[in-house]
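Q: Handing you a structure now.
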Amino acid sequence: MADIMDLARLWADHDALHVHGVAVSLLTEGPRPEVEHDEDGAVIRLRAGTTGATLLRLDVPLGDAIGYWHPAAGWDRHLVADWASRWRAVGLVDSAPLGCLYDAAGAALLAFSSDRVAATTRMRFGVAEPSARFGVWLAMDLLPGEQCRIRVQAPGRPFADAVRTLTRRLSGGDEFPLPDAARTPAYSSWYSLHRDVDAARVEAEAALAAKAGCGVLLLDDGWQRHADGAGYSGSGDWSPDPAKFPDFAAHVRTVQGLGLRYLAWIAPLLLGERTEAYQAMKDFAPHAVPRLSCRVLDPRHAEARRFVVESCVDLVRRYGLDGLKIDFLDFAMVYADESVHADEGGGRAGTDIGLAMRGLLTELRDRLRELRGDELLIEFRQPYTGPGMLSFGNLLRAGDCPADATGNRVRTLDIGVAATAGAVHSDMLMWDPGASVRAAARQLHSALYATPQISVRLAEQSAEHRAMTTFWLGFWRDHRDVFTRGEIRAGRPDQLYGTVVASSSQRAVITFYAEHRLAALDLEGFTEVALVNSTAVDHVTLDIGGRAVEVGLDSSDACGRPAGSSVRTLAPGPHTIPVPPSGLCVLRPVPPKPRADVLERFARVRQPRSTSSHRRGIAGSR
């Protein structure tokens with residue numbers, strides 16, 4: 001592929017197709033792309049040429065372009081120059097071949113996806129200075145006769161709508177079952193306890209987590225033998241540390257008896273030198289990661305895939321777990337640029353790391369579902385939360401961002417844009433135990449539009465922090481369907497989703513994450529609108545549309561304590577609503593009072609008859 005990646009050639013004058021204003025150019029040898037139109041846009045069909053190396057360019061005039069979003073955007077949501085852009089390999093366990101260029105109104109200018117969600121695609125994008133156009137390049141090694149479909153969305157739709165339509169097409173309806181437990185607040189041991197875990201400590205935290213409203217416990221790194229070494233030098237044996245968990249199965253049952261589902265952490269691709277498994281598997285883990293003191297198993301080897309699957313299945317079966325948190329799957333991408341050939345015994349799954357991982361995860365999913373059925377819980381973490389992974393897991397978690405409320409908000413909403421199934425989970429929530437409850441509450445606010453995972457030492461919480469945690473988890477559970485199944489409007493990605501609105505049926509929640517932001521709202525049809533003020537100021541601003549509505553306002557502070565009630569008429573236009581910092585205000589329309597003339601007529605109709613005639617009526621009825 002290297003010979004087609006010279007940037008100087010990428011803007012060469014090629015004969016381009018034009019689809020919804022997008023110029024589509026095949027820059028390598030091969031049959032001319034075919035185009036089919038449907039109700040959502042167009043599908044571009046590519047067929048492999050004689051070499052298999054295929055490079056496609058999509059480009060549009062810049063117009064009012066303001067930013068470019070893709071699943072691995074992170075904080076880079078600006079318009080990069082094409083000469084500053086680098087090729088990035090994406091596939092099943094790292095991001096997805098998906099992107100959206102949008103304008104100042106948040107509408108899509110170029111929204112596209114490729115159906116190669118498993119096999120590796122190399123991508124590059126950026127602004128071309130001479131032509132004032134924005135381009136995306138997709139480079140693929142297609143097998144002889146292989147086809148690839150690139151879907152281009154018609155422009156003008158809101159960014160999130162355009163992306164969700166694309167990902168809905170990619171998922172294909174083969175999603176992992178979603179039990180109710182997947183949409184239940186969870187407790188994780190990672191930030192709270194790190195590797196300092198044992199049965200007694202975890203059980204004590206689990207009891208408090210259940211009392212606070214959690215329904216899932218995730219035991220993170222530290223439970224296994226050799227976990228006390230540097231990095232992941234002890235990864236590979238995946239058996240409980242007998243000093244910490246002398247009877248791991250009994251411990252799991254104890255936590256489950258508290259009403260919690262139990263998941264354990266595992267990093268099955270990592271292989272450390274301190275384990276018994278190292279000598280048997282080191283030949284199938286050629287890539288070393290010195291900073292983590294481990295190697296990475298190459299899943300293109302049948303032996304490596306078998307080892308990973310058996311490690312995970314044995315852990316669930318032996319100890320009665322409800323599922324697994326499967327970590328570091330993206331490390332398989334270290335083999336994305338290597339080319340290997342199948343050995344004589346068929347021991348390699350071809351040359352593509354994404355296809356090898358798809359084979360591994362398919363077998364793992366099928367084996368685990370034989371044990372736990374549709375109640376199985378499998379957590380994946382960014383960057384492997386793309387559309388291709390929806391068949392293999394159902395808890396899609398934000399990447400690590402300890403105590404970073406902005407990062408947690410942005411990452412969970414990014415997953416939500418690209419996921420059409422599964423439950424989006426926040427990164428574990430932690431905060432300074434000595435911080436104010438207002439500061440701590442903002443961590444919980446960051447996870448409102450996902451399923452929150454908390455990771456603080458509950459046994460050491462102050463009374464105020466405990467009240468705050470219980471209040472906001474209770475608020476989330478009461479509005480769970482609004483947050484996880486409602487329509488979410490979050491604005492432009494480059495503005496980091498400063499104001500977010502979720503609505504479902506007759507309820508809505510608006511969260512203000514930045515000061516001096518205005519949220520547009522038409523109260524017509526809503527019976528309740530909750531305003532969450534995740535800022536340090538004491539008010540929020542609504543821009544009321546439609547007709548004037550009289551509403552009752554009930555405010556609470558960060559701990560849920562009443563902070564005032566009033567009745568106001570909200571006419572069309574902007575209104576400042578007092579809400580305590582890190583607090584809540586619930587608006588409920590006041591039923592209209594009957595008019596005086598209606599009340600007078602009603603009173604005449606209801607005038608009681610005389611006692612004598614009333615008695616005669618009763619007597620006559622006998």
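By order of appearance in the structure tokens: chains A, B, ..., then residues from 1 within every chain, and ligands from 1 in the order shown.
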Quick one: residues within 7 Å of Phe176 (chain A), only C-alpha atoms, excluding same-chain residues fewer than 4 positions away - as a PDB file with all heavy atoms, in the first residue's frame?
A:
```
ATOM      1  N   LEU A 390     -20.951  -4.097  17.955  1.00  0.00           N
ATOM      2  CA  LEU A 390     -22.272  -4.238  18.565  1.00  0.00           C
ATOM      3  C   LEU A 390     -22.753  -5.681  18.587  1.00  0.00           C
ATOM      4  O   LEU A 390     -23.688  -6.006  19.325  1.00  0.00           O
ATOM      5  CB  LEU A 390     -23.287  -3.360  17.827  1.00  0.00           C
ATOM      6  CG  LEU A 390     -23.003  -1.854  17.848  1.00  0.00           C
ATOM      7  CD1 LEU A 390     -24.053  -1.107  17.040  1.00  0.00           C
ATOM      8  CD2 LEU A 390     -22.935  -1.335  19.274  1.00  0.00           C
ATOM      9  N   SER A 391     -22.135  -6.549  17.802  1.00  0.00           N
ATOM     10  CA  SER A 391     -22.512  -7.955  17.805  1.00  0.00           C
ATOM     11  C   SER A 391     -21.853  -8.731  18.942  1.00  0.00           C
ATOM     12  O   SER A 391     -22.241  -9.863  19.214  1.00  0.00           O
ATOM     13  CB  SER A 391     -22.113  -8.612  16.477  1.00  0.00           C
ATOM     14  OG  SER A 391     -22.795  -8.033  15.397  1.00  0.00           O
ATOM     15  N   PHE A 392     -20.860  -8.114  19.605  1.00  0.00           N
ATOM     16  CA  PHE A 392     -20.035  -8.881  20.533  1.00  0.00           C
ATOM     17  C   PHE A 392     -20.083  -8.387  21.969  1.00  0.00           C
ATOM     18  O   PHE A 392     -19.596  -9.066  22.870  1.00  0.00           O
ATOM     19  CB  PHE A 392     -18.582  -8.861  20.045  1.00  0.00           C
ATOM     20  CG  PHE A 392     -18.423  -9.322  18.624  1.00  0.00           C
ATOM     21  CD1 PHE A 392     -18.045  -8.440  17.633  1.00  0.00           C
ATOM     22  CD2 PHE A 392     -18.695 -10.634  18.276  1.00  0.00           C
ATOM     23  CE1 PHE A 392     -17.909  -8.852  16.314  1.00  0.00           C
ATOM     24  CE2 PHE A 392     -18.567 -11.055  16.958  1.00  0.00           C
ATOM     25  CZ  PHE A 392     -18.171 -10.169  15.980  1.00  0.00           C
ATOM     26  N   GLY A 393     -20.637  -7.219  22.232  1.00  0.00           N
ATOM     27  CA  GLY A 393     -20.710  -6.700  23.591  1.00  0.00           C
ATOM     28  C   GLY A 393     -21.875  -5.756  23.739  1.00  0.00           C
ATOM     29  O   GLY A 393     -22.436  -5.266  22.758  1.00  0.00           O
ATOM     30  N   ASN A 394     -22.249  -5.463  24.987  1.00  0.00           N
ATOM     31  CA  ASN A 394     -23.423  -4.615  25.216  1.00  0.00           C
ATOM     32  C   ASN A 394     -23.205  -3.487  26.219  1.00  0.00           C
ATOM     33  O   ASN A 394     -24.105  -2.703  26.465  1.00  0.00           O
ATOM     34  CB  ASN A 394     -24.636  -5.460  25.638  1.00  0.00           C
ATOM     35  CG  ASN A 394     -24.311  -6.454  26.739  1.00  0.00           C
ATOM     36  OD1 ASN A 394     -23.287  -6.361  27.411  1.00  0.00           O
ATOM     37  ND2 ASN A 394     -25.197  -7.429  26.920  1.00  0.00           N
TER      38      ASN A 394
END
```
Q: Quick one: residues within 9 Å of Phe112 (chain A), only C-alpha atoms counted, chain neighbours fewer than 4 positions away excluded, as number ranges by chain?
A: A: 58, 97-100, 150-153, 162-163, 166
Q: Could you give me, as an mmCIF file with C-alpha atoms, in the first residue's frame, the residues within 9 Å of Leu270 (chain A), counting only C-alpha atoms and dropping anything in the same chain fewer than 3 positions from it?
A:
```
data_model
loop_
_atom_site.group_PDB
_atom_site.id
_atom_site.type_symbol
_atom_site.label_atom_id
_atom_site.label_comp_id
_atom_site.auth_asym_id
_atom_site.auth_seq_id
_atom_site.Cartn_x
_atom_site.Cartn_y
_atom_site.Cartn_z
ATOM 1 C CA TYR A 232 1.002 -6.189 33.198
ATOM 2 C CA SER A 233 3.898 -8.556 33.743
ATOM 3 C CA SER A 235 -1.165 -11.063 32.913
ATOM 4 C CA GLY A 236 -1.873 -14.432 31.337
ATOM 5 C CA ALA A 267 -6.962 -8.357 29.411
ATOM 6 C CA ALA A 285 3.074 -12.880 21.109
ATOM 7 C CA CYS A 294 4.149 -7.454 28.630
ATOM 8 C CA ARG A 295 3.698 -8.810 25.135
ATOM 9 C CA VAL A 296 0.614 -8.794 22.893
ATOM 10 C CA LEU A 297 -0.826 -12.057 21.608
ATOM 11 C CA PHE A 328 -6.990 -3.744 25.744
ATOM 12 C CA PHE A 331 -3.659 -3.535 21.244
#
```
Q: I need the residues in region 34-76 of chain A that are strand (DSSP E) according to DSSP; give them as a list of chain:residue names.
A: A:Glu34, A:Val35, A:Glu36, A:His37, A:Asp38, A:Gly41, A:Ala42, A:Val43, A:Ile44, A:Arg45, A:Leu46, A:Arg47, A:Ala53, A:Thr54, A:Leu55, A:Leu56, A:Arg57, A:Leu58, A:Asp59, A:Val60, A:Pro61, A:Ala65, A:Ile66, A:Gly67, A:Tyr68, A:Trp69
Q: Please indicate the distance in Å from CA of Ala440 (chain A) to CA of Ser455 (chain A), rounded to one decimal place.
A: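 Going from CA of Ala440 (chain A) over to CA of Ser455 (chain A), I get 12.1 Å.
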